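K.L.:
Structure file final-v7.txt (compact mmCIF, C-alpha atoms) right here:
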# COMPACT_ATOMS: atom_id res chain seq x y z
CA MET A 39 2.59 -19.45 31.27
CA GLU A 40 4.16 -17.38 28.53
CA LEU A 41 5.23 -20.49 26.60
CA TYR A 42 1.58 -21.61 26.51
CA PHE A 43 0.55 -18.29 25.04
CA GLU A 44 3.27 -18.33 22.44
CA GLU A 45 2.58 -21.95 21.45
CA PHE A 46 -1.20 -21.64 21.04
CA PHE A 47 -1.47 -17.99 19.99
CA PRO A 48 1.32 -17.19 17.51
CA ASN A 49 -0.35 -13.87 16.56
CA LEU A 50 -0.31 -12.86 20.21
CA ALA A 51 3.36 -13.67 20.59
CA ALA A 52 4.16 -11.59 17.52
CA SER A 53 2.03 -8.57 18.47
CA GLY A 54 3.09 -8.39 22.09
CA TYR A 55 1.02 -8.80 25.21
CA GLU A 56 1.21 -8.19 28.93
CA ILE A 57 0.11 -10.54 31.70
CA THR A 58 -2.04 -8.46 34.06
CA SER A 59 -3.20 -10.93 36.73
CA GLU A 60 -2.45 -14.20 38.44
CA ALA A 61 -4.08 -17.36 37.09
CA SER A 62 -7.59 -18.00 38.44
CA SER A 63 -10.18 -20.73 38.03
CA ILE A 64 -12.92 -18.55 39.58
CA TYR A 65 -13.89 -16.73 36.36
CA ASN A 66 -13.39 -17.17 32.62
CA CYS A 67 -13.28 -15.02 29.48
CA ILE A 68 -17.05 -14.55 29.23
CA ALA A 69 -17.28 -13.39 32.83
CA TRP A 70 -14.20 -11.18 32.36
CA ALA A 71 -15.68 -9.57 29.24
CA ALA A 72 -18.91 -8.95 31.19
CA GLY A 73 -16.98 -7.43 34.10
CA ASP A 74 -17.56 -10.32 36.54
CA THR A 75 -14.64 -11.81 38.47
CA THR A 76 -16.77 -13.88 40.86
CA ASP A 77 -18.36 -16.50 38.56
CA TRP A 78 -17.39 -18.91 35.79
CA TRP A 79 -19.91 -18.33 32.93
CA ASP A 80 -20.45 -21.51 30.96
CA LEU A 81 -22.97 -24.12 29.93
CA HIS A 82 -21.98 -26.56 32.67
CA PRO A 83 -24.92 -26.97 35.09
CA ARG A 84 -22.83 -25.72 38.04
CA ALA A 85 -21.54 -22.67 36.19
CA TYR A 86 -23.35 -19.36 35.94
CA TRP A 87 -25.44 -18.72 32.85
CA PRO A 88 -28.06 -15.97 32.55
CA PRO A 89 -31.41 -17.67 33.19
CA SER A 90 -33.15 -15.77 30.38
CA VAL A 91 -30.78 -17.11 27.68
CA PRO A 92 -30.92 -20.70 26.40
CA ARG A 93 -27.74 -22.64 27.21
CA SER A 94 -26.09 -23.07 23.83
CA TRP A 95 -22.64 -23.07 22.24
CA ARG A 96 -24.14 -21.24 19.24
CA VAL A 97 -22.62 -17.79 18.94
CA GLU A 98 -26.12 -16.31 18.77
CA ALA A 99 -26.73 -17.37 22.38
CA LEU A 100 -23.62 -15.54 23.55
CA VAL A 101 -24.62 -12.45 21.56
CA GLN A 102 -27.98 -12.63 23.35
CA VAL A 103 -26.20 -12.77 26.73
CA PHE A 104 -24.54 -9.45 25.93
CA THR A 105 -27.56 -7.96 24.14
CA GLU A 106 -29.48 -8.33 27.36
CA ARG A 107 -26.75 -6.24 29.00
CA GLY A 108 -27.23 -3.38 26.54
CA TYR A 109 -24.81 -4.36 23.76
CA SER A 110 -25.55 -4.32 20.04
CA ILE A 111 -23.59 -5.42 16.98
CA CYS A 112 -21.19 -2.81 15.61
CA GLU A 113 -18.91 -2.61 12.62
CA ASN A 114 -15.34 -2.35 13.87
CA THR A 115 -12.78 -2.77 16.64
CA GLU A 116 -11.73 0.89 16.67
CA LYS A 117 -11.99 2.71 20.00
CA GLU A 118 -15.12 4.89 20.09
CA THR A 119 -15.49 7.53 22.77
CA GLY A 120 -18.50 6.78 24.94
CA TYR A 121 -18.66 3.04 24.14
CA GLU A 122 -17.26 -0.19 25.52
CA LYS A 123 -16.74 -3.08 23.10
CA VAL A 124 -16.50 -6.85 23.29
CA ALA A 125 -15.16 -9.13 20.56
CA ILE A 126 -16.65 -12.61 20.23
CA CYS A 127 -14.44 -15.28 18.68
CA ALA A 128 -16.01 -18.42 17.22
CA ARG A 129 -15.22 -21.57 15.27
CA ASN A 130 -17.87 -23.14 13.03
CA GLY A 131 -20.62 -20.99 14.55
CA LEU A 132 -19.73 -21.94 18.14
CA TRP A 133 -18.34 -19.36 20.57
CA GLU A 134 -14.84 -19.91 21.93
CA HIS A 135 -13.57 -16.66 23.44
CA GLU A 136 -14.44 -13.05 24.30
CA ALA A 137 -12.19 -10.04 24.71
CA ARG A 138 -13.09 -6.62 26.13
CA GLN A 139 -11.71 -3.32 24.89
CA LEU A 140 -9.97 -1.12 27.44
CA ASP A 141 -10.24 2.66 27.70
CA ASP A 142 -6.89 3.09 25.94
CA GLY A 143 -8.05 1.04 22.92
CA ARG A 144 -6.11 -2.11 23.77
CA TRP A 145 -7.96 -5.34 24.60
CA THR A 146 -8.05 -7.58 27.65
CA SER A 147 -8.69 -11.31 27.75
CA LYS A 148 -8.89 -14.06 30.34
CA ILE A 149 -7.23 -17.18 28.98
CA GLY A 150 -9.19 -20.10 30.44
CA GLU A 151 -7.95 -20.79 33.96
CA PHE A 152 -4.74 -18.92 33.20
CA GLU A 153 -3.97 -15.22 33.54
CA ASP A 154 -5.69 -12.10 32.26
CA ILE A 155 -3.71 -10.41 29.54
CA THR A 156 -3.70 -7.10 27.70
CA HIS A 157 -3.08 -7.21 23.95
CA PRO A 158 -3.32 -4.82 20.98
CA SER A 159 -6.16 -6.42 19.01
CA PRO A 160 -8.81 -9.15 19.33
CA GLU A 161 -7.30 -10.74 16.22
CA ASP A 162 -4.19 -11.49 18.31
CA LEU A 163 -6.02 -14.54 19.72
CA THR A 164 -7.45 -15.87 16.47
CA GLY A 165 -6.36 -19.19 15.06
CA GLU A 166 -6.87 -22.88 15.57
CA LEU A 167 -7.89 -22.69 19.24
CA TYR A 168 -10.34 -19.75 19.33
CA GLY A 169 -11.29 -19.44 15.67
CA GLU A 170 -11.89 -16.01 14.19
CA VAL A 171 -13.50 -12.80 15.40
CA HIS A 172 -17.16 -13.49 14.67
CA CYS A 173 -18.54 -10.11 15.69
CA ILE A 174 -17.93 -6.97 17.69
CA ILE A 175 -20.59 -5.69 20.06
CA ARG A 176 -20.75 -2.39 21.91
CA ARG A 177 -22.78 -0.50 24.49
CA PRO A 178 -22.63 3.01 25.87
CA SER A 179 -20.04 3.37 28.63
CA ALA A 180 -21.36 3.67 32.15
Spit out the file's structure as structure tokens when you get a sec.

P.N.:
Amino acid sequence: MELYFEEFFPNLAASGYEITSEASSIYNCIAWAAGDTTDWWDLHPRAYWPPSVPRSWRVEALVQVFTERGYSICENTEKETGYEKVAICARNGLWEHEARQLDDGRWTSKIGEFEDITHPSPEDLTGELYGEVHCIIRRPSA
């Protein structure tokens, strides 16, 4: 799937990335960012969506999903001891992708039904497909 990554994510190809799992249609980037590998989180009626959050493509709805899990908006993508971070990418106010920061400061993403990857920065996935990093959220590490 490397050609797919390089075609749709030119920043990713330039910065370097590592494929860290096999492809899977069981979970997606939202679930992966939330630490869930058993459900596909989406607005589709058969997909999982937290019952307390209105089903909406608006980025505010996705922020609410994570706020209810203890996250709050923060200022940067730098690794902070004692915190885990998630980057939310959006286009025109609608969420498209989430990436989670790893303990070593790199980021991990699930690319649709494709593989999980590790990459240096959430900006590596920005562009026409996923838009731009809309916000960074963090919560204290468990």

K.L.:
With all atoms listed in the file as the atoms that count, which of A:Arg177, A:Leu50, A:Tyr65, A:Ser59 lies nearest to Gly150 of chain A?

P.N.:
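Between A:Arg177, A:Leu50, A:Tyr65, A:Ser59, the residue approaching Gly150 of chain A most closely is A:Tyr65.
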
K.L.:
Could you give me, as a VMD selection string, the residues within 7 Å of Ala71 of chain A, counting all atoms listed in the file and dropping anything in the same chain fewer than 3 positions from it?

P.N.:
chain A and resid 67 to 68 124 136 to 138

K.L.:
With distances taken over all atoms listed in the file, which residue among A:Val101, A:Ala128, A:Ile57, A:Ala52 lies nearest Ile155 of chain A?

P.N.:
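Counting all atoms listed in the file, the residue closest to Ile155 of chain A is A:Ile57.
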
K.L.:
If you measure from atom CA of Asp154 of chain A to atom CA of Ala180 of chain A, what distance in Å do you get, rounded to one decimal?

P.N.:
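Interatomic distance, atom CA of Asp154 of chain A to atom CA of Ala180 of chain A: 22.2 Å.
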
K.L.:
For a quick check of your reading of the model, name the residues lying within 9 Å of the coordinate (-27.4, -2.5, 23.9), counting only C-alpha atoms, and write them as a PyMOL selection string.

P.N.:
chain A and resi 104-111+175-178

K.L.:
Excluding Thr58 of chain A and residues on its chain fewer than 3 positions from it, collect all residues at most 12 Å away from it, counting all atoms listed in the file, and give them as an MDAnalysis selection string.

P.N.:
chainID A and resid 55 61:62 145:149 152:157

K.L.:
Around (-15.1, 7.7, 23.2) in the file's own coordinates, what residues are found within 12 Å if you use only C-alpha atoms, given back as a compact mmCIF listing (two decimals) with C-alpha atoms, in the coordinates of the input?

P.N.:
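Here's the written file point.txt:
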# COMPACT_ATOMS: atom_id res chain seq x y z
CA GLU A 116 -11.73 0.89 16.67
CA LYS A 117 -11.99 2.71 20.00
CA GLU A 118 -15.12 4.89 20.09
CA THR A 119 -15.49 7.53 22.77
CA GLY A 120 -18.50 6.78 24.94
CA TYR A 121 -18.66 3.04 24.14
CA GLU A 122 -17.26 -0.19 25.52
CA LYS A 123 -16.74 -3.08 23.10
CA GLN A 139 -11.71 -3.32 24.89
CA LEU A 140 -9.97 -1.12 27.44
CA ASP A 141 -10.24 2.66 27.70
CA ASP A 142 -6.89 3.09 25.94
CA GLY A 143 -8.05 1.04 22.92
CA ARG A 176 -20.75 -2.39 21.91
CA ARG A 177 -22.78 -0.50 24.49
CA PRO A 178 -22.63 3.01 25.87
CA SER A 179 -20.04 3.37 28.63
CA ALA A 180 -21.36 3.67 32.15
